[in-house]
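Asker: I'm passing along query.cif; it holds mmCIF, C-alpha atoms and all ligand atoms.
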```cif
data_my_file
#
loop_
_atom_site.label_atom_id
_atom_site.label_comp_id
_atom_site.auth_asym_id
_atom_site.auth_seq_id
_atom_site.Cartn_x
_atom_site.Cartn_y
_atom_site.Cartn_z
CA MET E 25 5.29 -1.78 3.31
CA LYS E 26 6.16 -2.34 6.93
CA PHE E 27 7.13 0.06 9.64
CA ILE E 28 10.33 -0.88 11.37
CA GLU E 29 11.28 1.18 14.37
CA THR E 30 14.56 -0.15 15.61
CA ASN E 31 18.13 0.94 15.95
CA ASP E 32 19.30 -2.58 15.21
CA LEU E 33 18.30 -3.86 11.78
CA SER E 34 20.26 -7.07 12.39
CA ASP E 35 17.37 -8.47 14.46
CA ILE E 36 15.06 -8.56 11.42
CA ARG E 37 14.61 -11.87 9.59
CA GLY E 38 15.84 -12.10 6.00
CA ARG E 39 18.85 -10.78 4.13
CA MET E 40 19.08 -7.02 4.04
CA LEU E 41 19.80 -5.67 0.56
CA ASN E 42 21.61 -2.44 -0.14
CA GLY E 43 21.85 -0.65 -3.51
CA SER E 44 24.26 -2.89 -5.45
CA ASP E 45 23.69 -6.16 -3.55
CA ILE E 46 22.86 -9.13 -5.76
CA PHE E 47 20.16 -11.70 -5.08
CA GLU E 48 19.32 -14.68 -7.26
CA PHE E 49 15.69 -15.01 -8.25
CA ARG E 50 13.42 -15.82 -11.15
CA CYS E 51 9.77 -16.82 -11.13
CA HIS E 52 8.07 -18.46 -14.13
CA PRO E 53 5.26 -20.94 -14.83
CA GLY E 54 7.77 -23.82 -14.97
CA VAL E 55 8.71 -23.74 -11.27
CA SER E 56 7.25 -26.55 -9.17
CA CYS E 57 5.85 -24.05 -6.68
CA PHE E 58 4.01 -21.96 -9.28
CA ASN E 59 1.25 -19.92 -7.59
CA LEU E 60 1.84 -21.59 -4.18
CA CYS E 61 2.60 -18.13 -2.82
CA CYS E 62 -0.86 -16.82 -3.80
CA ARG E 63 -2.72 -18.38 -0.86
CA ASN E 64 -3.35 -18.07 2.84
CA LEU E 65 -1.83 -14.61 3.03
CA ASN E 66 -2.02 -11.80 5.56
CA PHE E 67 -2.20 -9.37 2.73
CA PHE E 68 -2.18 -5.64 3.55
CA LEU E 69 -3.38 -3.36 0.75
CA ASN E 70 -2.14 0.20 0.37
CA PRO E 71 -4.43 2.91 -1.05
CA TYR E 72 -2.70 2.85 -4.44
CA ASP E 73 -3.20 -0.95 -4.61
CA VAL E 74 -6.94 -0.29 -4.24
CA ILE E 75 -6.90 2.23 -7.10
CA ARG E 76 -5.26 -0.23 -9.48
CA LEU E 77 -7.38 -3.20 -8.46
CA LYS E 78 -10.73 -1.41 -8.60
CA GLN E 79 -9.79 0.04 -12.02
CA ASN E 80 -8.84 -3.43 -13.25
CA LEU E 81 -12.11 -4.91 -11.97
CA GLU E 82 -14.09 -1.90 -13.27
CA ILE E 83 -15.88 -1.35 -9.96
CA SER E 84 -15.89 1.56 -7.51
CA ALA E 85 -13.48 1.76 -4.57
CA GLY E 86 -16.45 1.36 -2.21
CA GLU E 87 -17.56 -1.84 -3.96
CA PHE E 88 -14.00 -3.15 -3.90
CA ILE E 89 -13.60 -2.50 -0.17
CA GLU E 90 -16.95 -4.15 0.56
CA LYS E 91 -16.46 -7.21 -1.62
CA TYR E 92 -12.75 -8.01 -1.30
CA THR E 93 -11.38 -6.70 1.99
CA ASP E 94 -11.51 -6.94 5.76
CA ILE E 95 -10.81 -3.84 7.83
CA ILE E 96 -8.98 -4.23 11.13
CA VAL E 97 -7.59 -1.84 13.73
CA ARG E 98 -4.44 -3.17 15.38
CA PRO E 99 -3.79 -2.40 19.06
CA GLY E 100 -1.68 0.73 19.43
CA ASN E 101 -2.67 2.08 16.04
CA TYR E 102 -5.35 4.64 15.22
CA PHE E 103 -5.91 3.91 11.56
CA PRO E 104 -7.44 0.69 10.21
CA ASP E 105 -5.50 -1.76 8.05
CA VAL E 106 -7.12 -3.05 4.88
CA LEU E 107 -6.56 -6.76 4.28
CA LEU E 108 -7.35 -8.61 1.09
CA ARG E 109 -9.91 -11.27 2.06
CA MET E 110 -8.82 -14.73 0.95
CA ALA E 111 -11.32 -16.95 -0.85
CA ASP E 112 -13.55 -19.20 1.24
CA ASN E 113 -11.98 -22.47 0.11
CA ALA E 114 -9.76 -25.10 1.73
CA GLU E 115 -6.53 -23.46 0.59
CA LYS E 116 -7.68 -19.90 1.25
CA THR E 117 -6.46 -18.79 -2.14
CA CYS E 118 -6.16 -15.18 -3.21
CA PRO E 119 -9.54 -14.16 -4.69
CA PHE E 120 -7.78 -13.24 -7.94
CA LEU E 121 -6.04 -16.58 -8.46
CA THR E 122 -7.46 -18.62 -11.34
CA GLU E 123 -6.32 -21.82 -13.04
CA GLY E 124 -4.63 -19.61 -15.60
CA GLY E 125 -2.79 -17.57 -12.98
CA CYS E 126 -3.42 -14.10 -11.61
CA ARG E 127 -6.46 -12.47 -13.21
CA VAL E 128 -5.40 -8.96 -12.19
CA TYR E 129 -1.72 -9.42 -13.09
CA PRO E 130 -1.13 -6.01 -14.80
CA ASP E 131 -2.58 -4.35 -11.68
CA ARG E 132 -1.41 -6.77 -8.98
CA PRO E 133 -0.58 -5.14 -5.64
CA GLN E 134 2.84 -3.89 -4.64
CA THR E 135 3.41 -6.84 -2.29
CA CYS E 136 3.08 -9.27 -5.22
CA ARG E 137 5.46 -7.22 -7.35
CA ALA E 138 8.12 -7.04 -4.67
CA PHE E 139 7.87 -10.69 -3.50
CA PRO E 140 10.11 -12.31 -2.29
CA VAL E 141 11.66 -8.96 -1.39
CA GLU E 142 9.97 -6.98 1.35
CA HIS E 143 10.34 -3.24 1.56
CA GLY E 144 10.17 -1.41 4.84
CA LEU E 145 10.26 2.14 6.03
CA TYR E 146 12.97 2.38 8.67
CA TYR E 147 12.48 5.18 11.14
CA ASP E 148 15.56 6.10 13.07
CA ALA E 149 14.15 7.85 16.14
CA ALA E 150 17.56 9.10 17.29
CA LYS E 151 18.15 10.93 13.99
CA ASN E 152 14.44 11.52 13.25
CA GLN E 153 15.10 10.21 9.74
CA THR E 154 13.12 7.84 7.54
CA SER E 155 14.66 5.63 4.88
CA LEU E 156 13.68 2.68 2.70
CA VAL E 157 15.11 -0.73 3.55
CA HIS E 158 14.85 -4.00 1.62
CA PHE E 159 14.99 -7.63 2.73
CA PHE E 160 15.22 -10.75 0.59
CA ARG E 161 13.21 -13.43 2.33
CA PRO E 162 11.66 -16.12 0.14
CA PRO E 163 9.66 -18.74 2.06
CA ASP E 164 11.16 -22.25 2.15
CA PHE E 165 8.83 -23.52 -0.58
CA CYS E 166 9.81 -20.78 -3.05
CA GLN E 167 12.04 -22.37 -5.71
CA GLY E 168 12.67 -19.14 -7.62
CA ARG E 169 15.81 -18.47 -5.59
CA HIS E 170 17.53 -21.47 -7.22
CA GLU E 171 17.03 -20.14 -10.75
CA ASN E 172 20.42 -18.41 -11.04
CA THR E 173 19.21 -15.05 -12.29
CA ALA E 174 21.05 -12.14 -10.71
CA ARG E 175 18.98 -9.14 -9.56
CA THR E 176 19.51 -5.93 -7.71
CA ILE E 177 16.79 -3.91 -6.01
CA ALA E 178 16.77 -1.51 -9.00
CA SER E 179 16.65 -4.23 -11.67
CA TRP E 180 13.89 -6.09 -9.79
CA GLU E 181 11.85 -2.89 -9.52
CA ALA E 182 12.25 -2.32 -13.29
CA ASP E 183 11.36 -5.95 -14.05
CA GLN E 184 8.18 -5.72 -11.99
CA GLU E 185 7.26 -2.16 -13.09
CA SER E 186 6.90 -1.23 -9.45
CA ALA E 187 8.64 2.16 -9.25
CA PHE E 188 5.43 4.18 -9.05
CA TYR E 189 3.89 1.68 -6.61
CA ASN E 190 6.92 2.13 -4.38
CA GLN E 191 6.70 5.93 -4.55
CA MET E 192 3.01 5.89 -3.62
CA THR E 193 3.56 3.34 -0.88
CA VAL E 194 6.31 5.39 0.74
CA ARG E 195 4.10 8.46 0.53
CA TRP E 196 1.26 6.57 2.23
CA ALA E 197 3.57 4.99 4.82
CA GLU E 198 4.70 8.44 5.92
CA VAL E 199 1.05 9.42 6.51
CA ALA E 200 0.13 6.10 8.15
CA ARG E 201 3.03 6.43 10.60
CA LEU E 202 1.43 9.59 11.99
CA PHE E 203 -1.46 7.44 13.25
CA GLN E 204 0.73 5.91 15.93
CA ALA E 205 -0.50 8.98 17.83
CA ASP E 206 -4.23 9.48 18.46
CA PRO E 207 -5.61 12.38 16.37
CA PHE E 208 -9.23 11.57 17.26
CA GLU E 209 -9.37 12.89 20.83
CA GLY E 210 -11.01 9.78 22.25
CA GLU E 211 -13.51 9.41 19.41
CA GLY E 212 -11.51 6.52 17.89
CA PRO E 213 -11.13 5.58 14.23
CA ASN E 214 -14.84 4.70 13.98
CA GLY E 215 -15.92 8.25 14.82
CA GLN E 216 -16.78 10.92 12.27
CA LYS E 217 -13.20 12.12 11.71
CA GLY E 218 -11.90 8.56 11.47
CA LYS E 219 -14.46 7.65 8.83
CA MET E 220 -13.58 10.77 6.87
CA ALA E 221 -9.87 9.96 7.01
CA PHE E 222 -10.48 6.38 5.84
CA MET E 223 -12.62 7.63 2.96
CA ALA E 224 -9.98 10.21 1.96
CA VAL E 225 -7.40 7.54 1.15
CA TYR E 226 -9.16 4.21 0.62
CA ASN E 227 -12.46 5.25 -0.96
CA MET E 228 -11.28 7.80 -3.49
CA ASP E 229 -14.54 7.72 -5.46
CA ALA E 230 -16.54 8.76 -2.39
CA PHE E 231 -13.90 11.35 -1.42
CA ARG E 232 -14.03 12.84 -4.93
CA ASP E 233 -17.84 13.19 -4.62
CA PHE E 234 -17.39 14.78 -1.21
CA VAL E 235 -14.78 17.27 -2.45
CA LEU E 236 -16.77 18.28 -5.52
CA ASN E 237 -20.26 18.31 -4.01
CA SER E 238 -19.83 19.72 -0.50
CA SER E 239 -18.46 23.00 0.84
CA PHE E 240 -14.93 21.51 0.80
CA LEU E 241 -13.64 23.74 -2.01
CA LYS E 242 -15.15 26.79 -0.31
CA ARG E 243 -13.26 26.01 2.89
CA TYR E 244 -9.95 24.83 1.40
CA LYS E 245 -7.75 26.18 -1.36
CA VAL E 246 -6.41 23.27 -3.41
CA LYS E 247 -3.28 23.76 -5.52
CA SER E 248 -4.53 24.40 -9.06
CA GLN E 249 -2.51 21.59 -10.71
CA LEU E 250 -4.11 19.10 -8.35
CA ARG E 251 -7.57 20.62 -8.46
CA MET E 252 -7.74 20.35 -12.26
CA LYS E 253 -7.13 16.59 -12.09
CA ILE E 254 -9.56 15.69 -9.31
CA LYS E 255 -12.53 14.97 -11.58
CA SER E 256 -10.80 12.30 -13.62
CA ASP E 257 -7.63 11.16 -11.86
CA ASP E 258 -7.82 8.75 -8.90
CA VAL E 259 -4.16 9.33 -8.01
CA ALA E 260 -4.77 13.08 -7.74
CA VAL E 261 -7.69 12.39 -5.38
CA LEU E 262 -5.48 10.12 -3.28
CA LYS E 263 -2.72 12.75 -3.12
CA LEU E 264 -5.29 15.32 -2.01
CA GLY E 265 -6.64 12.89 0.59
CA MET E 266 -3.21 12.24 2.07
CA ALA E 267 -2.39 15.96 2.20
CA TRP E 268 -5.78 16.72 3.79
CA ILE E 269 -5.20 14.12 6.54
CA ARG E 270 -1.77 15.57 7.33
CA MET E 271 -3.17 19.08 7.57
CA PHE E 272 -6.62 18.48 9.07
CA LEU E 273 -5.77 15.79 11.63
CA PHE E 274 -2.14 16.49 12.44
CA GLY E 275 -1.72 20.21 11.76
CA VAL E 276 1.13 19.62 9.31
CA LYS E 277 1.71 22.40 6.79
CA VAL E 278 1.39 20.92 3.28
CA SER E 279 1.85 22.41 -0.18
CA GLU E 280 -1.23 20.84 -1.79
CA ILE E 281 -3.99 22.40 0.33
CA THR E 282 -4.52 25.35 2.68
CA LEU E 283 -7.43 26.59 4.77
CA LYS E 284 -9.13 29.64 3.21
CA ARG E 285 -9.28 32.71 5.42
S1 LIG E 301 6.77 -19.40 -4.56
FE1 LIG E 301 8.42 -18.14 -5.47
S2 LIG E 301 9.04 -19.15 -7.37
FE2 LIG E 301 7.13 -20.10 -6.66
S3 LIG E 301 5.55 -19.02 -7.81
FE3 LIG E 301 5.77 -17.93 -5.86
S4 LIG E 301 7.32 -16.32 -6.24
FE4 LIG E 301 7.42 -17.80 -7.95
S1 LIG E 302 -3.06 -10.58 -6.71
FE1 LIG E 302 -2.37 -12.05 -8.21
S2 LIG E 302 -0.15 -12.27 -7.85
FE2 LIG E 302 -1.04 -11.30 -6.04
S3 LIG E 302 -1.50 -12.99 -4.61
FE3 LIG E 302 -3.35 -12.60 -5.82
S4 LIG E 302 -3.23 -14.02 -7.56
FE4 LIG E 302 -1.18 -13.89 -6.64
#
```
Represent the structure contained in this file as structure tokens.
Answerer:
Amino acid sequence: MKFIETNDLSDIRGRMLNGSDIFEFRCHPGVSCFNLCCRNLNFFLNPYDVIRLKQNLEISAGEFIEKYTDIIVRPGNYFPDVLLRMADNAEKTCPFLTEGGCRVYPDRPQTCRAFPVEHGLYYDAAKNQTSLVHFFRPPDFCQGRHENTARTIASWEADQESAFYNQMTVRWAEVARLFQADPFEGEGPNGQKGKMAFMAVYNMDAFRDFVLNSSFLKRYKVKSQLRMKIKSDDVAVLKLGMAWIRMFLFGVKVSEITLKR
């Protein structure tokens, strides 16, 4: 998911797709470029991607972050990006690419599901409105666009089972966009609050421990439906983490959590 802040979408590379627009695409093991797209990637992972991948690999979120990612802070942003670290080989392949294909395929990240479509969150500053935009932009080597299979955004989402990924990514993108302003009062994202915020959304196992084993639940009232799921549901922990960031760092009123009086 990318943030696009422009009043002129025509300056963005790729073909913009609206609701009923058709694009031709099919990917299958018979294409000459099979798996060529799974290498040398600048691959940004969203929090929900981490949930699915760490569950697939049967490791904790902390272990996943340590073993498979690089964390970077881009200039002008106050929240780190989490990049999937490519394998240390000549082709810099995705760490999950094997001779037999993708070894995490049922839980592959949203970017892989959407490819070669890219989704973006378009923020219209004049109207203060956010909307989803879609661009079809296969790289030159991608032969799938010559396969004569008609798709729409909706049919592609159904084919790739990506509806929930998209929902969670939009939800996260709306939180991440807030970090274009500095909520850390000079402390930076590596200070105490920054580390807490990172844990709240990317290390859901550690955040769950923190919520259940600190004074968190004495200080905050968590909506009962959400609270009941925290022990066993990573998505519930992530939703709580995102709501907590909005409230704690940005003073936004949220429905999921309130400060106890
Ligand atoms: S490059 Fe395109 S057609 Fe080839 S494997 Fe990747 S997505 Fe499929
Ligand atoms: S996660 Fe799977 S589909 Fe995505 S780049 Fe890696 S090997 Fe390819």
Asker: Which residues are near ligand LIG 301 (chain E) in this structure, taking near to mean any atom at most 8 Å from a ligand atom and counting all atoms listed in the file? Format them as a list in words.
Answerer: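 Written in the requested form, the residues are Phe49, Arg50, Cys51, His52, Pro53, Val55, Ser56, Cys57, Phe58, Asn59, Leu60, Cys61, Cys62, Phe139, Pro140, Pro162, Pro163, Phe165, Cys166, Gln167, Gly168 and Arg169 of chain E.
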Asker: If you count only C-alpha atoms, which residues fall within 8 Å of Thr282 (chain E), apart from same-chain ones fewer than 2 positions away, as a ChimeraX atom specification?
Answerer: /E:244-246,278-280,284
Asker: Could you list, as number ranges by chain, all the residues within 10 Å of ligand LIG 302 (chain E), counting all atoms listed in the file?
Answerer: E: 58-65, 67, 73, 77, 108, 110, 117-122, 124-137, 139
Asker: Could you state the separation of CA of Ala111 (chain E) and CA of Glu185 (chain E) in Å, given to one decimal place?
Answerer: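 We find that CA of Ala111 (chain E) and CA of Glu185 (chain E) lie 26.7 Å from each other.
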Asker: Considering all atoms listed in the file, can you say which of E:Asn42, E:Asn113, E:Asn152, E:Asn101 comes closest to Gly212 (chain E)?
Answerer: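 Closest to Gly212 (chain E) of all the choices is E:Asn101.
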Asker: CA of Ile83 (chain E) to CA of Ala224 (chain E): how many Å, to one decimal?
Answerer: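 CA of Ile83 (chain E) sits 17.6 Å away from CA of Ala224 (chain E).
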Asker: When you count only C-alpha atoms, which of these residues is closest to Val141 (chain E): E:Leu41, E:Leu156, E:Val235, E:Leu262?
Answerer: E:Leu41
Asker: Can you sort out the box for region 75-89 of chain E, edges along x, y and z, all listed atoms in, 5 Å on every side, with centre and edge lengths in Å to one decimal, as JSON?
Answerer:
```
{"center_x": -11.4, "center_y": -1.3, "center_z": -6.7, "size_x": 22.3, "size_y": 17.1, "size_z": 23.1}
```
Asker: Set the distance at 12 Å and use only C-alpha atoms: which residues neighbour Val261 (chain E) once local chain neighbours fewer than 4 positions away are removed? I'd like the list as a VMD selection string.
Answerer: chain E and resid 71 to 72 75 223 to 236 246 249 to 257 265 to 268 280
Asker: Residues near Leu202 (chain E), anyone? I mean within 10 Å using only C-alpha atoms, not counting same-chain ones fewer than 2 positions away, as a ChimeraX atom specification.
Answerer: /E:101-103,197-200,204-207,269-270,273-274
Asker: Can you tell me how far CA of Gly43 (chain E) sits from CA of Ala149 (chain E), in Å to one decimal?
Answerer: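 Calculated distance between CA of Gly43 (chain E) and CA of Ala149 (chain E) is 22.8 Å.
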Asker: Find, counting all atoms listed in the file, the residue in E:Leu283, E:Ala85, E:Ile46, E:Val259 that gets nearest to Phe188 (chain E).
Answerer: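 Counting all atoms listed in the file, the residue closest to Phe188 (chain E) is E:Val259.
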Asker: Go through region 47-138 of chain E and flag each residue having an atom no more than 9 Å from region 176-181 of chain E; for those, report the closest pair of atoms plus their distance in Å to one decimal, using all atoms listed in the file, ordered by chain and rising number, as a tab-separated table.
Answerer:
```
residue	atom	partner	partner_atom	distance
E:Phe47	CA	E:Thr176	CA	6.4
E:Glu48	CA	E:Thr176	CA	8.8
E:Arg137	CA	E:Glu181	CA	8.0
E:Ala138	CA	E:Glu181	CA	7.4
```
Asker: Restricting the calculation to only C-alpha atoms, which member of E:Phe88, E:Phe203, E:Phe222, E:Phe272 is positioned closest to Gly100 (chain E)?
Answerer: E:Phe203
Asker: Looking at only C-alpha atoms, which of E:Tyr189, E:Tyr147, E:Tyr92, E:Phe160 is the one that sits closest to Arg175 (chain E)?
Answerer: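 Smallest separation from Arg175 (chain E) among the options: E:Phe160.
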